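Text of the file final_32.cif, holding mmCIF, C-alpha atoms and all ligand atoms:
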```
data_run
#
loop_
_atom_site.group_PDB
_atom_site.id
_atom_site.type_symbol
_atom_site.label_atom_id
_atom_site.label_comp_id
_atom_site.auth_asym_id
_atom_site.auth_seq_id
_atom_site.Cartn_x
_atom_site.Cartn_y
_atom_site.Cartn_z
ATOM 1 C CA MET A 1047 -81.316 58.810 2.255
ATOM 2 C CA SER A 1048 -79.269 61.992 1.910
ATOM 3 C CA ASN A 1049 -75.752 62.243 3.247
ATOM 4 C CA LYS A 1050 -76.560 64.656 6.064
ATOM 5 C CA ARG A 1051 -73.908 65.207 8.708
ATOM 6 C CA LEU A 1052 -73.905 62.604 11.494
ATOM 7 C CA SER A 1053 -72.532 62.831 15.014
ATOM 8 C CA ARG A 1054 -69.317 60.982 15.773
ATOM 9 C CA LYS A 1055 -71.323 58.425 17.749
ATOM 10 C CA GLU A 1056 -73.684 57.839 14.823
ATOM 11 C CA VAL A 1057 -70.719 57.441 12.468
ATOM 12 C CA SER A 1058 -69.108 54.917 14.806
ATOM 13 C CA HIS A 1059 -72.214 52.720 14.438
ATOM 14 C CA LEU A 1060 -72.245 52.690 10.641
ATOM 15 C CA ASN A 1061 -71.293 49.453 8.964
ATOM 16 C CA TYR A 1062 -68.212 49.511 6.739
ATOM 17 C CA TYR A 1063 -69.976 50.210 3.435
ATOM 18 C CA ASP A 1064 -72.273 52.834 4.960
ATOM 19 C CA PHE A 1065 -69.180 54.447 6.467
ATOM 20 C CA THR A 1066 -67.438 54.623 3.073
ATOM 21 C CA ALA A 1067 -70.640 56.039 1.551
ATOM 22 C CA TYR A 1068 -70.783 58.601 4.347
ATOM 23 C CA LEU A 1069 -67.199 59.619 3.550
ATOM 24 C CA GLY A 1070 -68.359 60.146 -0.034
ATOM 25 C CA MET A 1071 -65.994 57.524 -1.485
ATOM 26 C CA PRO A 1072 -67.139 57.281 -5.114
ATOM 27 C CA LEU A 1073 -65.709 53.879 -5.929
ATOM 28 C CA PHE A 1074 -63.665 50.959 -4.649
ATOM 29 C CA GLN A 1075 -60.915 51.726 -7.041
ATOM 30 C CA PHE A 1076 -58.816 48.541 -6.873
ATOM 31 C CA GLY A 1077 -58.349 47.999 -10.575
ATOM 32 C CA GLY A 1078 -58.498 51.527 -11.887
ATOM 33 C CA LEU A 1079 -60.852 52.706 -14.595
ATOM 34 C CA LYS A 1080 -58.846 50.823 -17.207
ATOM 35 C CA VAL A 1081 -60.109 47.486 -15.899
ATOM 36 C CA ALA A 1082 -63.729 48.681 -15.798
ATOM 37 C CA GLU A 1083 -63.406 49.965 -19.365
ATOM 38 C CA ASP A 1084 -62.011 46.590 -20.437
ATOM 39 C CA LEU A 1085 -65.055 44.915 -18.821
ATOM 40 C CA PHE A 1086 -67.536 47.195 -20.632
ATOM 41 C CA ARG A 1087 -65.802 46.589 -23.963
ATOM 42 C CA ARG A 1088 -65.927 42.827 -23.444
ATOM 43 C CA CYS A 1089 -69.629 43.058 -22.490
ATOM 44 C CA GLY A 1090 -70.310 45.038 -25.682
ATOM 45 C CA ILE A 1091 -72.193 47.859 -23.924
ATOM 46 C CA ASP A 1092 -73.510 50.430 -26.400
ATOM 47 C CA GLU A 1093 -76.374 52.929 -26.608
ATOM 48 C CA LYS A 1094 -78.918 50.157 -27.221
ATOM 49 C CA SER A 1095 -77.964 48.201 -24.096
ATOM 50 C CA HIS A 1096 -80.146 47.888 -21.033
ATOM 51 C CA VAL A 1097 -77.675 47.242 -18.236
ATOM 52 C CA LEU A 1098 -77.862 46.114 -14.604
ATOM 53 C CA GLU A 1099 -75.060 46.862 -12.160
ATOM 54 C CA VAL A 1100 -75.244 44.707 -9.043
ATOM 55 C CA GLY A 1101 -73.755 46.254 -5.886
ATOM 56 C CA CYS A 1102 -73.378 49.646 -7.547
ATOM 57 C CA GLY A 1103 -72.200 51.425 -4.382
ATOM 58 C CA THR A 1104 -72.550 55.199 -4.774
ATOM 59 C CA GLY A 1105 -73.305 54.871 -8.489
ATOM 60 C CA PHE A 1106 -70.063 56.288 -9.851
ATOM 61 C CA MET A 1107 -69.598 53.626 -12.507
ATOM 62 C CA ALA A 1108 -73.269 53.362 -13.480
ATOM 63 C CA CYS A 1109 -73.430 57.133 -14.045
ATOM 64 C CA ARG A 1110 -70.171 57.078 -15.977
ATOM 65 C CA ILE A 1111 -71.419 54.368 -18.345
ATOM 66 C CA ALA A 1112 -74.806 56.047 -18.791
ATOM 67 C CA LYS A 1113 -73.022 59.257 -19.783
ATOM 68 C CA GLU A 1114 -70.316 57.689 -21.944
ATOM 69 C CA LYS A 1115 -72.353 55.022 -23.715
ATOM 70 C CA ASN A 1116 -75.683 56.790 -23.587
ATOM 71 C CA CYS A 1117 -77.352 53.536 -22.489
ATOM 72 C CA ARG A 1118 -80.046 52.788 -19.896
ATOM 73 C CA ILE A 1119 -78.721 51.373 -16.647
ATOM 74 C CA VAL A 1120 -80.181 50.220 -13.344
ATOM 75 C CA GLY A 1121 -77.968 50.061 -10.246
ATOM 76 C CA ILE A 1122 -78.908 48.069 -7.160
ATOM 77 C CA ASP A 1123 -77.215 47.894 -3.784
ATOM 78 C CA ILE A 1124 -78.168 46.521 -0.393
ATOM 79 C CA SER A 1125 -77.062 49.713 1.374
ATOM 80 C CA GLU A 1126 -79.682 52.449 1.628
ATOM 81 C CA ARG A 1127 -76.969 55.051 2.163
ATOM 82 C CA MET A 1128 -75.101 53.956 -0.998
ATOM 83 C CA ILE A 1129 -78.322 54.164 -3.015
ATOM 84 C CA GLY A 1130 -79.102 57.590 -1.542
ATOM 85 C CA MET A 1131 -75.701 58.860 -2.692
ATOM 86 C CA ALA A 1132 -76.125 57.226 -6.109
ATOM 87 C CA LYS A 1133 -79.482 58.954 -6.646
ATOM 88 C CA GLU A 1134 -77.948 62.303 -5.677
ATOM 89 C CA ARG A 1135 -75.101 61.704 -8.140
ATOM 90 C CA ALA A 1136 -77.498 60.924 -11.016
ATOM 91 C CA LYS A 1137 -79.554 64.025 -10.165
ATOM 92 C CA SER A 1138 -76.511 66.307 -10.023
ATOM 93 C CA LEU A 1139 -75.353 64.971 -13.407
ATOM 94 C CA GLY A 1140 -78.830 65.423 -14.909
ATOM 95 C CA ILE A 1141 -79.034 61.799 -16.104
ATOM 96 C CA GLU A 1142 -82.004 60.533 -14.092
ATOM 97 C CA ASP A 1143 -83.757 59.608 -17.336
ATOM 98 C CA LYS A 1144 -81.006 57.078 -18.138
ATOM 99 C CA VAL A 1145 -79.958 55.685 -14.784
ATOM 100 C CA THR A 1146 -82.094 54.476 -11.905
ATOM 101 C CA PHE A 1147 -81.022 53.210 -8.523
ATOM 102 C CA ARG A 1148 -82.855 51.054 -6.033
ATOM 103 C CA MET A 1149 -82.162 49.082 -2.899
ATOM 104 C CA ALA A 1150 -82.111 45.351 -3.502
ATOM 105 C CA ASP A 1151 -80.277 42.187 -2.557
ATOM 106 C CA ALA A 1152 -78.049 40.612 -5.201
ATOM 107 C CA LYS A 1153 -79.268 37.202 -4.029
ATOM 108 C CA ASP A 1154 -82.892 38.010 -4.831
ATOM 109 C CA LEU A 1155 -83.058 40.530 -7.663
ATOM 110 C CA PRO A 1156 -86.430 42.273 -8.041
ATOM 111 C CA PHE A 1157 -86.564 41.841 -11.823
ATOM 112 C CA GLU A 1158 -88.299 39.521 -14.248
ATOM 113 C CA ASP A 1159 -86.343 36.774 -15.986
ATOM 114 C CA ASN A 1160 -84.546 37.870 -19.190
ATOM 115 C CA SER A 1161 -84.709 41.621 -18.460
ATOM 116 C CA PHE A 1162 -81.211 42.959 -19.245
ATOM 117 C CA ASP A 1163 -78.724 42.866 -22.126
ATOM 118 C CA VAL A 1164 -75.760 43.077 -19.739
ATOM 119 C CA VAL A 1165 -75.421 42.339 -16.023
ATOM 120 C CA PHE A 1166 -72.188 43.192 -14.245
ATOM 121 C CA ALA A 1167 -70.850 43.464 -10.693
ATOM 122 C CA GLN A 1168 -67.557 44.819 -9.411
ATOM 123 C CA PHE A 1169 -66.027 43.684 -6.102
ATOM 124 C CA VAL A 1170 -69.381 42.355 -4.853
ATOM 125 C CA THR A 1171 -69.831 38.722 -5.853
ATOM 126 C CA VAL A 1172 -66.764 37.720 -3.824
ATOM 127 C CA LEU A 1173 -68.867 38.539 -0.733
ATOM 128 C CA LEU A 1174 -71.704 36.199 -1.718
ATOM 129 C CA ASP A 1175 -72.388 32.549 -2.410
ATOM 130 C CA LYS A 1176 -70.847 32.670 -5.901
ATOM 131 C CA LYS A 1177 -72.867 29.978 -7.605
ATOM 132 C CA LYS A 1178 -76.186 31.244 -6.231
ATOM 133 C CA ALA A 1179 -75.386 34.897 -7.009
ATOM 134 C CA LEU A 1180 -74.204 34.167 -10.556
ATOM 135 C CA THR A 1181 -77.279 32.020 -11.199
ATOM 136 C CA GLU A 1182 -79.463 34.914 -10.030
ATOM 137 C CA TYR A 1183 -77.583 37.408 -12.258
ATOM 138 C CA LYS A 1184 -78.020 35.028 -15.174
ATOM 139 C CA ARG A 1185 -81.742 34.675 -14.516
ATOM 140 C CA VAL A 1186 -82.375 38.375 -15.150
ATOM 141 C CA LEU A 1187 -80.081 38.426 -18.186
ATOM 142 C CA LYS A 1188 -81.553 38.030 -21.679
ATOM 143 C CA PRO A 1189 -80.436 34.958 -23.647
ATOM 144 C CA GLY A 1190 -77.348 35.972 -25.608
ATOM 145 C CA GLY A 1191 -76.575 38.708 -23.046
ATOM 146 C CA PHE A 1192 -73.248 39.221 -21.296
ATOM 147 C CA LEU A 1193 -72.542 38.566 -17.630
ATOM 148 C CA GLY A 1194 -69.356 40.112 -16.219
ATOM 149 C CA VAL A 1195 -67.628 40.472 -12.886
ATOM 150 C CA VAL A 1196 -64.509 42.272 -11.754
ATOM 151 C CA GLU A 1197 -62.885 40.857 -8.644
ATOM 152 C CA ILE A 1198 -59.619 40.769 -6.774
ATOM 153 C CA PHE A 1199 -58.001 37.375 -7.363
ATOM 154 C CA ARG A 1200 -55.096 35.395 -5.952
ATOM 155 C CA ASP A 1201 -52.639 33.227 -7.788
ATOM 156 C CA THR A 1202 -52.935 29.475 -7.403
ATOM 157 C CA LEU A 1203 -49.373 28.873 -6.253
ATOM 158 C CA ILE A 1204 -48.346 31.110 -3.382
ATOM 159 C CA PRO A 1205 -45.464 30.540 -0.921
ATOM 160 C CA TYR A 1206 -46.531 29.648 2.599
ATOM 161 C CA GLU A 1207 -45.570 33.001 4.220
ATOM 162 C CA ALA A 1208 -47.431 35.057 1.621
ATOM 163 C CA SER A 1209 -50.435 32.739 1.831
ATOM 164 C CA ARG A 1210 -50.516 33.139 5.622
ATOM 165 C CA ASP A 1211 -50.366 36.961 5.340
ATOM 166 C CA ILE A 1212 -53.107 37.027 2.699
ATOM 167 C CA LEU A 1213 -55.259 34.887 4.993
ATOM 168 C CA GLU A 1214 -54.663 37.415 7.767
ATOM 169 C CA ALA A 1215 -55.773 40.256 5.435
ATOM 170 C CA GLU A 1216 -58.906 38.314 4.489
ATOM 171 C CA LYS A 1217 -59.738 37.813 8.193
ATOM 172 C CA ILE A 1218 -59.273 41.509 8.986
ATOM 173 C CA LEU A 1219 -61.459 42.590 6.075
ATOM 174 C CA SER A 1220 -64.144 39.974 6.786
ATOM 175 C CA GLU A 1221 -64.371 41.232 10.350
ATOM 176 C CA ALA A 1222 -64.604 44.877 9.261
ATOM 177 C CA ILE A 1223 -67.235 44.341 6.576
ATOM 178 C CA GLU A 1224 -69.082 41.652 8.555
ATOM 179 C CA LEU A 1225 -69.145 39.401 5.508
ATOM 180 C CA ASP A 1226 -66.998 36.449 4.546
ATOM 181 C CA LEU A 1227 -64.294 37.584 2.126
ATOM 182 C CA ARG A 1228 -62.043 34.940 0.590
ATOM 183 C CA LEU A 1229 -60.030 35.640 -2.541
ATOM 184 C CA SER A 1230 -60.219 33.029 -5.278
ATOM 185 C CA THR A 1231 -58.246 32.134 -8.381
ATOM 186 C CA PRO A 1232 -59.358 32.897 -11.978
ATOM 187 C CA THR A 1233 -59.855 29.148 -12.456
ATOM 188 C CA GLN A 1234 -62.303 29.067 -9.559
ATOM 189 C CA TRP A 1235 -64.241 32.004 -10.996
ATOM 190 C CA LYS A 1236 -64.393 30.286 -14.368
ATOM 191 C CA SER A 1237 -65.806 27.155 -12.788
ATOM 192 C CA TRP A 1238 -68.477 29.143 -10.886
ATOM 193 C CA PHE A 1239 -69.500 30.771 -14.172
ATOM 194 C CA THR A 1240 -69.673 27.330 -15.768
ATOM 195 C CA ASP A 1241 -71.737 25.963 -12.850
ATOM 196 C CA ALA A 1242 -74.171 28.865 -13.291
ATOM 197 C CA GLY A 1243 -74.687 27.811 -16.926
ATOM 198 C CA VAL A 1244 -72.740 30.681 -18.481
ATOM 199 C CA GLN A 1245 -70.847 29.927 -21.683
ATOM 200 C CA LYS A 1246 -67.950 31.287 -23.766
ATOM 201 C CA ILE A 1247 -66.197 32.411 -20.611
ATOM 202 C CA GLN A 1248 -63.153 34.630 -20.912
ATOM 203 C CA THR A 1249 -60.950 35.952 -18.145
ATOM 204 C CA ALA A 1250 -58.405 38.753 -18.143
ATOM 205 C CA GLU A 1251 -55.938 39.379 -15.357
ATOM 206 C CA HIS A 1252 -54.495 42.763 -14.443
ATOM 207 C CA LYS A 1253 -51.690 43.047 -11.966
ATOM 208 C CA ARG A 1254 -50.136 46.132 -10.389
ATOM 209 C CA VAL A 1255 -52.400 49.030 -11.190
ATOM 210 C CA PRO A 1256 -50.191 51.856 -12.472
ATOM 211 C CA VAL A 1257 -50.096 55.068 -10.418
ATOM 212 C CA ARG A 1258 -51.370 57.021 -13.427
ATOM 213 C CA GLU A 1259 -54.679 55.145 -13.095
ATOM 214 C CA THR A 1260 -55.123 56.576 -9.589
ATOM 215 C CA LEU A 1261 -54.176 60.032 -10.860
ATOM 216 C CA LYS A 1262 -56.691 59.703 -13.711
ATOM 217 C CA PHE A 1263 -59.361 58.798 -11.171
ATOM 218 C CA ILE A 1264 -58.505 61.767 -8.911
ATOM 219 C CA LYS A 1265 -58.723 64.022 -11.968
ATOM 220 C CA ILE A 1266 -62.268 62.791 -12.699
ATOM 221 C CA VAL A 1267 -63.441 63.040 -9.092
ATOM 222 C CA GLY A 1268 -61.657 66.356 -8.566
ATOM 223 C CA VAL A 1269 -58.720 67.180 -6.305
ATOM 224 C CA LEU A 1270 -60.790 69.061 -3.724
ATOM 225 C CA PRO A 1271 -63.502 66.359 -3.337
ATOM 226 C CA THR A 1272 -60.746 63.718 -3.066
ATOM 227 C CA PHE A 1273 -59.007 65.801 -0.411
ATOM 228 C CA LYS A 1274 -62.305 66.141 1.507
ATOM 229 C CA ILE A 1275 -62.836 62.361 1.498
ATOM 230 C CA VAL A 1276 -59.295 61.691 2.726
ATOM 231 C CA PHE A 1277 -59.627 64.413 5.364
ATOM 232 C CA ARG A 1278 -62.962 63.017 6.641
ATOM 233 C CA TYR A 1279 -61.456 59.520 6.770
ATOM 234 C CA LEU A 1280 -58.381 60.631 8.710
ATOM 235 C CA TYR A 1281 -60.530 62.752 11.031
ATOM 236 C CA HIS A 1282 -62.633 59.726 12.040
ATOM 237 C CA LEU A 1283 -59.600 57.445 12.296
ATOM 238 C CA PHE A 1284 -57.924 59.820 14.708
ATOM 239 C CA PHE A 1285 -60.862 61.230 16.676
ATOM 240 C CA ASN A 1286 -63.527 58.549 16.554
ATOM 241 C CA VAL A 1287 -62.609 55.626 18.787
ATOM 242 C CA GLY A 1288 -65.359 53.373 17.402
ATOM 243 C CA VAL A 1289 -64.231 53.910 13.820
ATOM 244 C CA ARG A 1290 -60.569 53.501 14.723
ATOM 245 C CA ARG A 1291 -61.182 50.230 16.562
ATOM 246 C CA ARG A 1292 -63.270 48.721 13.796
ATOM 247 C CA PHE A 1293 -61.694 50.062 10.619
ATOM 248 C CA LEU A 1294 -58.055 50.979 11.293
ATOM 249 C CA PRO A 1295 -56.925 47.334 10.817
ATOM 250 C CA THR A 1296 -58.289 47.449 7.243
ATOM 251 C CA ASN A 1297 -55.338 49.678 6.315
ATOM 252 C CA ARG A 1298 -52.984 46.854 7.229
ATOM 253 C CA ALA A 1299 -55.085 44.385 5.232
ATOM 254 C CA LYS A 1300 -55.094 46.634 2.153
ATOM 255 C CA LYS A 1301 -51.343 47.082 2.465
ATOM 256 C CA ILE A 1302 -50.816 43.295 2.500
ATOM 257 C CA LEU A 1303 -53.024 42.782 -0.546
ATOM 258 C CA LEU A 1304 -52.110 45.787 -2.635
ATOM 259 C CA ARG A 1305 -48.735 47.170 -1.660
ATOM 260 C CA ARG A 1306 -46.522 44.798 0.313
ATOM 261 C CA ARG A 1307 -43.983 43.511 -2.179
ATOM 262 C CA ASN A 1308 -43.872 39.823 -1.158
ATOM 263 C CA THR A 1309 -47.660 39.436 -1.026
ATOM 264 C CA ALA A 1310 -49.096 41.925 -3.556
ATOM 265 C CA LYS A 1311 -47.317 40.203 -6.436
ATOM 266 C CA TYR A 1312 -49.653 37.222 -5.987
ATOM 267 C CA ILE A 1313 -52.777 39.397 -6.066
ATOM 268 C CA GLY A 1314 -54.453 41.086 -9.016
ATOM 269 C CA VAL A 1315 -57.738 42.296 -10.402
ATOM 270 C CA MET A 1316 -59.518 40.048 -12.863
ATOM 271 C CA ILE A 1317 -62.395 40.227 -15.268
ATOM 272 C CA CYS A 1318 -64.586 37.215 -15.917
ATOM 273 C CA VAL A 1319 -67.142 37.539 -18.716
ATOM 274 C CA GLY A 1320 -69.469 34.999 -20.295
ATOM 275 C CA LEU A 1321 -72.654 34.647 -22.323
ATOM 276 C CA LYS A 1322 -76.062 33.403 -21.301
ATOM 277 C CA PRO A 1323 -76.811 30.789 -23.946
ATOM 278 C CA ALA A 1324 -79.339 31.893 -26.546
ATOM 279 C CA LYS A 1325 -82.612 29.985 -26.515
ATOM 280 C CA LYS A 1326 -82.617 26.940 -28.728
ATOM 281 C CA ASN A 1327 -85.790 25.516 -30.147
ATOM 282 C CA LEU A 1328 -85.944 21.795 -29.634
ATOM 283 C CA VAL A 1329 -88.293 20.329 -32.205
ATOM 284 C CA VAL A 1330 -90.460 17.698 -30.507
ATOM 285 C CA SER A 1331 -92.687 16.771 -33.384
ATOM 286 C CA ARG A 1332 -93.552 18.469 -36.609
ATOM 287 C CA GLY A 1333 -95.031 21.902 -35.926
ATOM 288 C CA SER A 1334 -94.402 22.016 -32.119
ATOM 289 C CA SER A 1335 -91.334 23.018 -30.171
ATOM 290 C CA ILE A 1336 -90.096 23.611 -26.621
ATOM 291 C CA ASN A 1337 -88.131 26.727 -25.767
ATOM 292 C CA LEU A 1338 -85.015 25.815 -23.798
HETATM 293 C C1 LIG B 1 -66.603 46.683 -2.321
HETATM 294 S S1 LIG B 1 -68.105 47.561 -2.546
HETATM 295 C C2 LIG B 1 -68.104 47.775 -4.325
HETATM 296 C C3 LIG B 1 -68.999 48.879 -4.773
HETATM 297 C C4 LIG B 1 -68.919 49.207 -6.265
HETATM 298 N N1 LIG B 1 -69.263 48.071 -7.081
HETATM 299 C C5 LIG B 1 -67.526 49.673 -6.613
HETATM 300 O O1 LIG B 1 -66.829 49.003 -7.378
HETATM 301 O O2 LIG B 1 -67.134 50.720 -6.098
HETATM 302 C C6 LIG B 1 -69.301 46.290 -2.318
HETATM 303 C C7 LIG B 1 -70.729 46.792 -2.466
HETATM 304 O O3 LIG B 1 -71.596 45.660 -2.465
HETATM 305 C C8 LIG B 1 -72.741 45.984 -1.713
HETATM 306 N N2 LIG B 1 -73.341 44.715 -1.287
HETATM 307 C C9 LIG B 1 -72.896 43.843 -0.361
HETATM 308 N N3 LIG B 1 -73.717 42.785 -0.264
HETATM 309 C C10 LIG B 1 -74.707 42.988 -1.161
HETATM 310 C C11 LIG B 1 -75.870 42.257 -1.542
HETATM 311 N N4 LIG B 1 -76.179 41.075 -0.959
HETATM 312 N N5 LIG B 1 -76.672 42.767 -2.492
HETATM 313 C C12 LIG B 1 -76.388 43.945 -3.089
HETATM 314 N N6 LIG B 1 -75.308 44.694 -2.764
HETATM 315 C C13 LIG B 1 -74.474 44.222 -1.824
HETATM 316 C C14 LIG B 1 -72.228 46.867 -0.604
HETATM 317 O O4 LIG B 1 -73.238 47.632 0.000
HETATM 318 C C15 LIG B 1 -71.198 47.711 -1.356
HETATM 319 O O5 LIG B 1 -71.784 48.863 -1.904
#
```

Before anything else, please render the file you have as structure tokens.
Amino acid sequence: MSNKRLSRKEVSHLNYYDFTAYLGMPLFQFGGLKVAEDLFRRCGIDEKSHVLEVGCGTGFMACRIAKEKNCRIVGIDISERMIGMAKERAKSLGIEDKVTFRMADAKDLPFEDNSFDVVFAQFVTVLLDKKKALTEYKRVLKPGGFLGVVEIFRDTLIPYEASRDILEAEKILSEAIELDLRLSTPTQWKSWFTDAGVQKIQTAEHKRVPVRETLKFIKIVGVLPTFKIVFRYLYHLFFNVGVRRRFLPTNRAKKILLRRRNTAKYIGVMICVGLKPAKKNLVVSRGSSINL
């Protein structure tokens, strides 16, 4: 699907992620590129890796890795519009031989068991049944491969007022994206990884993304394209009643989570990475074995 111009009425019927794709938003840039780079380092992505990105959105990160690491990468997303944009991005960068995009559901990945060296997802798994999704990611991962997620997290101990406001933000966002969004703690993520049978789990927490990370991102995307995205967004917020009604409250939610002093200090972006255990040969009797 190409990003052809839609009427205001058509735009007002788009779901939240299709709307952001329509705006041309390259990435949900909560943690900055620094966090993503930390994830890729921890997952050991290099030119030999075959990588899967789950919920790749418009393919910004998948294309960036394919270019930087010179590896093969597949991006999947449930949104046809996101995948359309991702394919256009890969084509315009001339890297279609390295990166492929297809529509698919994270809960039912269209790949054989043990297909990828690395599977990662950023700001996606929080929207799904964590244990089921992580088990599915692990299924398509080769034994000894890395599984990694980047997610917004909340601290365990939060004063009542801040907790109440964060709950309000979660409700607003869940309504806008039509999915259940509940922030969890790093400990909870670790236990979901453990439940999915992932081992050697490490987490890293990043709080307060520095402004220079946003500036770095704008530099990569380009000032004019960034301006166009912001302009398109503001245009629809002001002149499109349907968009305003459905998506304006998300600004308040983002402010609570990311900028309001007495709530944002309890929120951060975290990485959780672990290994799919390598196959062990259990010797049953001399000369025969079972692959575990
Ligand atoms: C917050 S965005 C993150 C996109 C991208 N990972 C990024 O960091 O910019 C969440 C993405 O997950 C996708 N998504 C939601 N549910 C999904 C599912 N069940 N399977 C695959 N993708 C899904 C949405 O379409 C959207 O592109």

Exercise. Out of A:Leu1069, A:Val1165, A:Ala1152, A:Ala1112, which residue has the shortest atom-to-atom distance to ligand LIG 1 (chain B) when counting all atoms listed in the file?
Worked result: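 Nearest to ligand LIG 1 (chain B): A:Ala1152.
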
For this session: Enter the distance from atom CA of A:Leu1098 to atom CA of A:Gly1121, in Å, rounded to one decimal.
Result: 5.9 Å

Neighbour residues at most 10 Å from (-80.9, 37.8, -9.1) (all atoms listed in the file) as an mmCIF file with C-alpha atoms, keeping the file's coordinate frame:
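That gives us result00.cif:
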```cif
data_model
loop_
_atom_site.group_PDB
_atom_site.id
_atom_site.type_symbol
_atom_site.label_atom_id
_atom_site.label_comp_id
_atom_site.auth_asym_id
_atom_site.auth_seq_id
_atom_site.Cartn_x
_atom_site.Cartn_y
_atom_site.Cartn_z
ATOM 1 C CA VAL A 1100 -75.244 44.707 -9.043
ATOM 2 C CA ALA A 1150 -82.111 45.351 -3.502
ATOM 3 C CA ASP A 1151 -80.277 42.187 -2.557
ATOM 4 C CA ALA A 1152 -78.049 40.612 -5.201
ATOM 5 C CA LYS A 1153 -79.268 37.202 -4.029
ATOM 6 C CA ASP A 1154 -82.892 38.010 -4.831
ATOM 7 C CA LEU A 1155 -83.058 40.530 -7.663
ATOM 8 C CA PRO A 1156 -86.430 42.273 -8.041
ATOM 9 C CA PHE A 1157 -86.564 41.841 -11.823
ATOM 10 C CA GLU A 1158 -88.299 39.521 -14.248
ATOM 11 C CA ASP A 1159 -86.343 36.774 -15.986
ATOM 12 C CA VAL A 1165 -75.421 42.339 -16.023
ATOM 13 C CA LYS A 1178 -76.186 31.244 -6.231
ATOM 14 C CA ALA A 1179 -75.386 34.897 -7.009
ATOM 15 C CA LEU A 1180 -74.204 34.167 -10.556
ATOM 16 C CA THR A 1181 -77.279 32.020 -11.199
ATOM 17 C CA GLU A 1182 -79.463 34.914 -10.030
ATOM 18 C CA TYR A 1183 -77.583 37.408 -12.258
ATOM 19 C CA LYS A 1184 -78.020 35.028 -15.174
ATOM 20 C CA ARG A 1185 -81.742 34.675 -14.516
ATOM 21 C CA VAL A 1186 -82.375 38.375 -15.150
ATOM 22 C CA LEU A 1187 -80.081 38.426 -18.186
#
```

For this session: Would you work out the distance separating atom O4 of ligand LIG 1 (chain B) from atom CA of A:Ile1223, expressed in Å to one decimal?
Result: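 Distance between the two atoms: 9.5 Å.
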
For this session: Tell me which protein, DNA and RNA residues are within 10 Å of A:Gln1075, counting all atoms listed in the file, leaving out same-chain ones fewer than 6 positions away, and put them as JSON, numbers by chain.
Result: {"A": [1081, 1082, 1168, 1169, 1255, 1259, 1260, 1263]}

For this session: Place a sphere of radius 12 Å on (-61.5, 60.2, -1.7) in the file coordinates and name every protein, DNA or RNA residue with an atom inside or on its surface, counting only C-alpha atoms; give the answer as a PyMOL selection string.
Result: chain A and resi 1066-1075+1260-1261+1263-1280

For this session: Please evaluate the PyMOL selection byres (((chain A and resi 1125-1131) around 12) and not hetatm) against the structure above and give the resulting residues as an MDAnalysis selection string.
Result: chainID A and resid 1047:1050 1060:1073 1100:1106 1108:1109 1120:1124 1132:1138 1145:1152

Problem set entry | Atom-to-atom span, atom CA of A:Arg1306 and atom CA of A:Val1319, Å |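 Taking atom CA of A:Arg1306 and atom CA of A:Val1319, their separation equals 29.0 Å.
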